[in-house]
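Structure file protein-v2.pdb (PDB, C-alpha atoms) follows.
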MODEL        1
ATOM      1  CA  MET A 204      68.441 -57.096 -23.092
ATOM      2  CA  GLU A 205      66.353 -54.578 -21.152
ATOM      3  CA  PRO A 206      62.726 -55.431 -20.335
ATOM      4  CA  ILE A 207      60.058 -53.457 -22.165
ATOM      5  CA  ARG A 208      58.360 -50.819 -19.999
ATOM      6  CA  THR A 209      55.202 -49.310 -21.453
ATOM      7  CA  ASP A 210      53.755 -46.004 -20.258
ATOM      8  CA  PHE A 211      49.956 -46.302 -20.196
ATOM      9  CA  LYS A 212      49.224 -42.716 -19.074
ATOM     10  CA  GLY A 213      46.436 -41.162 -21.116
ATOM     11  CA  TYR A 214      44.963 -44.531 -22.100
ATOM     12  CA  GLU A 215      42.974 -45.192 -18.900
ATOM     13  CA  GLY A 216      39.682 -46.979 -19.594
ATOM     14  CA  LYS A 217      40.663 -47.938 -23.159
ATOM     15  CA  TYR A 218      41.715 -51.200 -24.743
ATOM     16  CA  VAL A 219      45.226 -51.046 -26.198
ATOM     17  CA  ALA A 220      47.434 -52.927 -28.643
ATOM     18  CA  LEU A 221      51.212 -52.871 -28.344
ATOM     19  CA  ASP A 222      54.056 -53.328 -30.788
ATOM     20  CA  SER A 223      55.656 -56.572 -29.590
ATOM     21  CA  ARG A 224      59.147 -55.359 -30.533
ATOM     22  CA  THR A 225      59.150 -51.974 -28.780
ATOM     23  CA  GLY A 226      56.293 -52.086 -26.266
ATOM     24  CA  GLU A 227      54.829 -48.852 -27.641
ATOM     25  CA  ILE A 228      51.067 -48.434 -27.786
ATOM     26  CA  ILE A 229      50.111 -48.339 -31.458
ATOM     27  CA  LEU A 230      46.317 -48.714 -31.269
ATOM     28  CA  ALA A 231      43.668 -47.771 -28.719
ATOM     29  CA  ALA A 232      39.885 -48.196 -28.794
ATOM     30  CA  GLU A 233      36.877 -47.813 -26.518
ATOM     31  CA  ASP A 234      35.823 -51.449 -27.002
ATOM     32  CA  LEU A 235      37.609 -54.728 -27.634
ATOM     33  CA  GLU A 236      35.802 -55.468 -30.917
ATOM     34  CA  GLY A 237      36.925 -52.141 -32.352
ATOM     35  CA  LEU A 238      40.486 -52.928 -31.378
ATOM     36  CA  PHE A 239      40.319 -56.366 -33.031
ATOM     37  CA  GLU A 240      39.059 -54.818 -36.269
ATOM     38  CA  ARG A 241      41.812 -52.184 -36.347
ATOM     39  CA  ALA A 242      44.549 -54.727 -35.504
ATOM     40  CA  LYS A 243      43.486 -57.271 -38.121
ATOM     41  CA  GLY A 244      46.169 -57.937 -40.738
ATOM     42  CA  ARG A 245      49.011 -56.176 -38.904
ATOM     43  CA  ASP A 246      52.240 -57.858 -37.836
ATOM     44  CA  HIS A 247      53.945 -57.698 -34.431
ATOM     45  CA  ILE A 248      50.828 -56.660 -32.490
ATOM     46  CA  VAL A 249      49.943 -57.777 -28.984
ATOM     47  CA  LEU A 250      46.447 -56.981 -27.750
ATOM     48  CA  GLY A 251      47.159 -55.776 -24.245
ATOM     49  CA  GLY A 252      43.675 -55.545 -22.803
ATOM     50  CA  ARG A 253      42.034 -52.691 -20.905
ATOM     51  CA  VAL A 254      44.083 -50.090 -19.028
ATOM     52  CA  PRO A 255      42.537 -49.500 -15.568
ATOM     53  CA  PHE A 256      42.006 -46.070 -14.008
ATOM     54  CA  ALA A 257      44.388 -45.145 -11.168
ATOM     55  CA  ASP A 258      41.682 -45.465  -8.496
ATOM     56  CA  GLU A 259      40.095 -48.615  -9.956
ATOM     57  CA  PRO A 260      40.463 -51.763  -7.821
ATOM     58  CA  ILE A 261      42.306 -54.593  -9.538
ATOM     59  CA  PRO A 262      41.219 -58.133  -8.557
ATOM     60  CA  VAL A 263      44.154 -60.393  -7.760
ATOM     61  CA  GLY A 264      44.195 -64.105  -6.997
ATOM     62  CA  LEU A 265      41.210 -66.141  -5.863
ATOM     63  CA  GLY A 266      39.707 -63.560  -3.511
TER      64      GLY A 266
ENDMDL
END

What does this structure look like when you write it as C-alpha cells?
Amino acid sequence: MEPIRTDFKGYEGKYVALDSRTGEIILAAEDLEGLFERAKGRDHIVLGGRVPFADEPIPVGLG
C-alpha cells in the first residue's frame, strides 16, 4: 500500500481537513472553530491543522 501524499499548495495559512481514505483536502477554513463546525457530522475526516507559508519558520523539538 502506497503512503498518502497530500499537496497543500494553495492552502497556505488556512486550517484544513483531509479525507482519511484518500488524503485529499476536503475542507479549508480561516480559523479552527470554523473548520470544526463544517466538519461536524461527517465521516472519514481528519483535521490536519494549519498549513504554514513556505517562508514561515517551523519550530521543531525542544529548542

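Checking A:Gly264, A:Lys243, A:Leu250, A:Asp258 one by one against Lys217 in chain A, counting all atoms listed in the file, you find the shortest gap at A:Leu250.
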
| task | Carefully work through the PyMOL selection byres ((chain A and resi 224-234) around 10) for this structure and note down the residues it includes, as a VMD selection string. | result | chain A and resid 206 to 211 214 216 to 223 235 to 239 241 to 242 247 to 254

Please report, as lines of an AutoDock Vina configuration file, the centre and edge lengths in Å to one decimal of an axis-aligned box covering all listed atoms of range 205-216 of chain A with 5 Å per side.
center_x = 53.0
center_y = -48.3
center_z = -20.5
size_x = 36.7
size_y = 24.3
size_z = 13.3

Since the input is missing atoms, can you rebuild N, CA and C atoms for range 220-254 of chain A and write them as a PDB file, in the frame of the given file?
ATOM      1  N   ALA A 220      46.615 -51.943 -27.944  1.00  0.00           N
ATOM      2  CA  ALA A 220      47.434 -52.927 -28.643  1.00  0.00           C
ATOM      3  C   ALA A 220      48.856 -52.390 -28.683  1.00  0.00           C
ATOM      4  N   LEU A 221      49.809 -53.261 -28.424  1.00  0.00           N
ATOM      5  CA  LEU A 221      51.212 -52.871 -28.344  1.00  0.00           C
ATOM      6  C   LEU A 221      52.013 -53.461 -29.494  1.00  0.00           C
ATOM      7  N   ASP A 222      53.077 -52.769 -29.864  1.00  0.00           N
ATOM      8  CA  ASP A 222      54.056 -53.328 -30.788  1.00  0.00           C
ATOM      9  C   ASP A 222      54.898 -54.302 -29.978  1.00  0.00           C
ATOM     10  N   SER A 223      54.949 -55.547 -30.371  1.00  0.00           N
ATOM     11  CA  SER A 223      55.656 -56.572 -29.590  1.00  0.00           C
ATOM     12  C   SER A 223      57.166 -56.364 -29.570  1.00  0.00           C
ATOM     13  N   ARG A 224      57.702 -55.586 -30.481  1.00  0.00           N
ATOM     14  CA  ARG A 224      59.147 -55.359 -30.533  1.00  0.00           C
ATOM     15  C   ARG A 224      59.581 -54.212 -29.636  1.00  0.00           C
ATOM     16  N   THR A 225      58.739 -53.173 -29.513  1.00  0.00           N
ATOM     17  CA  THR A 225      59.150 -51.974 -28.780  1.00  0.00           C
ATOM     18  C   THR A 225      58.348 -51.743 -27.507  1.00  0.00           C
ATOM     19  N   GLY A 226      57.145 -52.311 -27.418  1.00  0.00           N
ATOM     20  CA  GLY A 226      56.293 -52.086 -26.266  1.00  0.00           C
ATOM     21  C   GLY A 226      55.483 -50.810 -26.351  1.00  0.00           C
ATOM     22  N   GLU A 227      55.579 -50.089 -27.468  1.00  0.00           N
ATOM     23  CA  GLU A 227      54.829 -48.852 -27.641  1.00  0.00           C
ATOM     24  C   GLU A 227      53.372 -49.154 -27.960  1.00  0.00           C
ATOM     25  N   ILE A 228      52.482 -48.301 -27.467  1.00  0.00           N
ATOM     26  CA  ILE A 228      51.067 -48.434 -27.786  1.00  0.00           C
ATOM     27  C   ILE A 228      50.860 -47.912 -29.199  1.00  0.00           C
ATOM     28  N   ILE A 229      50.307 -48.759 -30.071  1.00  0.00           N
ATOM     29  CA  ILE A 229      50.111 -48.339 -31.458  1.00  0.00           C
ATOM     30  C   ILE A 229      48.637 -48.205 -31.823  1.00  0.00           C
ATOM     31  N   LEU A 230      47.755 -48.835 -31.045  1.00  0.00           N
ATOM     32  CA  LEU A 230      46.317 -48.714 -31.269  1.00  0.00           C
ATOM     33  C   LEU A 230      45.603 -48.618 -29.940  1.00  0.00           C
ATOM     34  N   ALA A 231      44.510 -47.853 -29.908  1.00  0.00           N
ATOM     35  CA  ALA A 231      43.668 -47.771 -28.719  1.00  0.00           C
ATOM     36  C   ALA A 231      42.227 -47.628 -29.179  1.00  0.00           C
ATOM     37  N   ALA A 232      41.303 -48.257 -28.442  1.00  0.00           N
ATOM     38  CA  ALA A 232      39.885 -48.196 -28.794  1.00  0.00           C
ATOM     39  C   ALA A 232      39.044 -48.270 -27.531  1.00  0.00           C
ATOM     40  N   GLU A 233      37.806 -47.800 -27.644  1.00  0.00           N
ATOM     41  CA  GLU A 233      36.877 -47.813 -26.518  1.00  0.00           C
ATOM     42  C   GLU A 233      36.358 -49.220 -26.208  1.00  0.00           C
ATOM     43  N   ASP A 234      36.307 -50.080 -27.224  1.00  0.00           N
ATOM     44  CA  ASP A 234      35.823 -51.449 -27.002  1.00  0.00           C
ATOM     45  C   ASP A 234      36.764 -52.454 -27.652  1.00  0.00           C
ATOM     46  N   LEU A 235      36.696 -53.684 -27.174  1.00  0.00           N
ATOM     47  CA  LEU A 235      37.609 -54.728 -27.634  1.00  0.00           C
ATOM     48  C   LEU A 235      37.365 -55.105 -29.091  1.00  0.00           C
ATOM     49  N   GLU A 236      36.096 -55.128 -29.524  1.00  0.00           N
ATOM     50  CA  GLU A 236      35.802 -55.468 -30.917  1.00  0.00           C
ATOM     51  C   GLU A 236      36.398 -54.454 -31.883  1.00  0.00           C
ATOM     52  N   GLY A 237      36.325 -53.175 -31.514  1.00  0.00           N
ATOM     53  CA  GLY A 237      36.925 -52.141 -32.352  1.00  0.00           C
ATOM     54  C   GLY A 237      38.428 -52.298 -32.461  1.00  0.00           C
ATOM     55  N   LEU A 238      39.044 -52.706 -31.368  1.00  0.00           N
ATOM     56  CA  LEU A 238      40.486 -52.928 -31.378  1.00  0.00           C
ATOM     57  C   LEU A 238      40.855 -54.118 -32.258  1.00  0.00           C
ATOM     58  N   PHE A 239      40.072 -55.194 -32.176  1.00  0.00           N
ATOM     59  CA  PHE A 239      40.319 -56.366 -33.031  1.00  0.00           C
ATOM     60  C   PHE A 239      40.247 -55.986 -34.506  1.00  0.00           C
ATOM     61  N   GLU A 240      39.233 -55.215 -34.869  1.00  0.00           N
ATOM     62  CA  GLU A 240      39.059 -54.818 -36.269  1.00  0.00           C
ATOM     63  C   GLU A 240      40.241 -53.979 -36.770  1.00  0.00           C
ATOM     64  N   ARG A 241      40.704 -53.056 -35.940  1.00  0.00           N
ATOM     65  CA  ARG A 241      41.812 -52.184 -36.347  1.00  0.00           C
ATOM     66  C   ARG A 241      43.143 -52.932 -36.383  1.00  0.00           C
ATOM     67  N   ALA A 242      43.288 -53.987 -35.571  1.00  0.00           N
ATOM     68  CA  ALA A 242      44.549 -54.727 -35.504  1.00  0.00           C
ATOM     69  C   ALA A 242      44.640 -55.825 -36.560  1.00  0.00           C
ATOM     70  N   LYS A 243      43.527 -56.169 -37.160  1.00  0.00           N
ATOM     71  CA  LYS A 243      43.486 -57.271 -38.121  1.00  0.00           C
ATOM     72  C   LYS A 243      44.444 -57.025 -39.290  1.00  0.00           C
ATOM     73  N   GLY A 244      45.263 -58.012 -39.605  1.00  0.00           N
ATOM     74  CA  GLY A 244      46.169 -57.937 -40.738  1.00  0.00           C
ATOM     75  C   GLY A 244      47.505 -57.268 -40.451  1.00  0.00           C
ATOM     76  N   ARG A 245      47.729 -56.811 -39.249  1.00  0.00           N
ATOM     77  CA  ARG A 245      49.011 -56.176 -38.904  1.00  0.00           C
ATOM     78  C   ARG A 245      49.949 -57.203 -38.263  1.00  0.00           C
ATOM     79  N   ASP A 246      51.230 -56.985 -38.439  1.00  0.00           N
ATOM     80  CA  ASP A 246      52.240 -57.858 -37.836  1.00  0.00           C
ATOM     81  C   ASP A 246      52.767 -57.252 -36.544  1.00  0.00           C
ATOM     82  N   HIS A 247      53.265 -58.100 -35.665  1.00  0.00           N
ATOM     83  CA  HIS A 247      53.945 -57.698 -34.431  1.00  0.00           C
ATOM     84  C   HIS A 247      53.037 -56.921 -33.474  1.00  0.00           C
ATOM     85  N   ILE A 248      51.774 -57.323 -33.389  1.00  0.00           N
ATOM     86  CA  ILE A 248      50.828 -56.660 -32.490  1.00  0.00           C
ATOM     87  C   ILE A 248      50.434 -57.604 -31.366  1.00  0.00           C
ATOM     88  N   VAL A 249      50.416 -57.059 -30.160  1.00  0.00           N
ATOM     89  CA  VAL A 249      49.943 -57.777 -28.984  1.00  0.00           C
ATOM     90  C   VAL A 249      48.766 -56.993 -28.433  1.00  0.00           C
ATOM     91  N   LEU A 250      47.603 -57.643 -28.342  1.00  0.00           N
ATOM     92  CA  LEU A 250      46.447 -56.981 -27.750  1.00  0.00           C
ATOM     93  C   LEU A 250      46.614 -57.023 -26.245  1.00  0.00           C
ATOM     94  N   GLY A 251      46.792 -55.861 -25.650  1.00  0.00           N
ATOM     95  CA  GLY A 251      47.159 -55.776 -24.245  1.00  0.00           C
ATOM     96  C   GLY A 251      46.020 -55.774 -23.260  1.00  0.00           C
ATOM     97  N   GLY A 252      44.798 -55.597 -23.720  1.00  0.00           N
ATOM     98  CA  GLY A 252      43.675 -55.545 -22.803  1.00  0.00           C
ATOM     99  C   GLY A 252      43.332 -54.124 -22.396  1.00  0.00           C
ATOM    100  N   ARG A 253      42.528 -53.993 -21.351  1.00  0.00           N
ATOM    101  CA  ARG A 253      42.034 -52.691 -20.905  1.00  0.00           C
ATOM    102  C   ARG A 253      42.965 -52.098 -19.853  1.00  0.00           C
ATOM    103  N   VAL A 254      43.251 -50.809 -19.986  1.00  0.00           N
ATOM    104  CA  VAL A 254      44.083 -50.090 -19.028  1.00  0.00           C
ATOM    105  C   VAL A 254      43.164 -49.573 -17.915  1.00  0.00           C
TER     106      VAL A 254
END
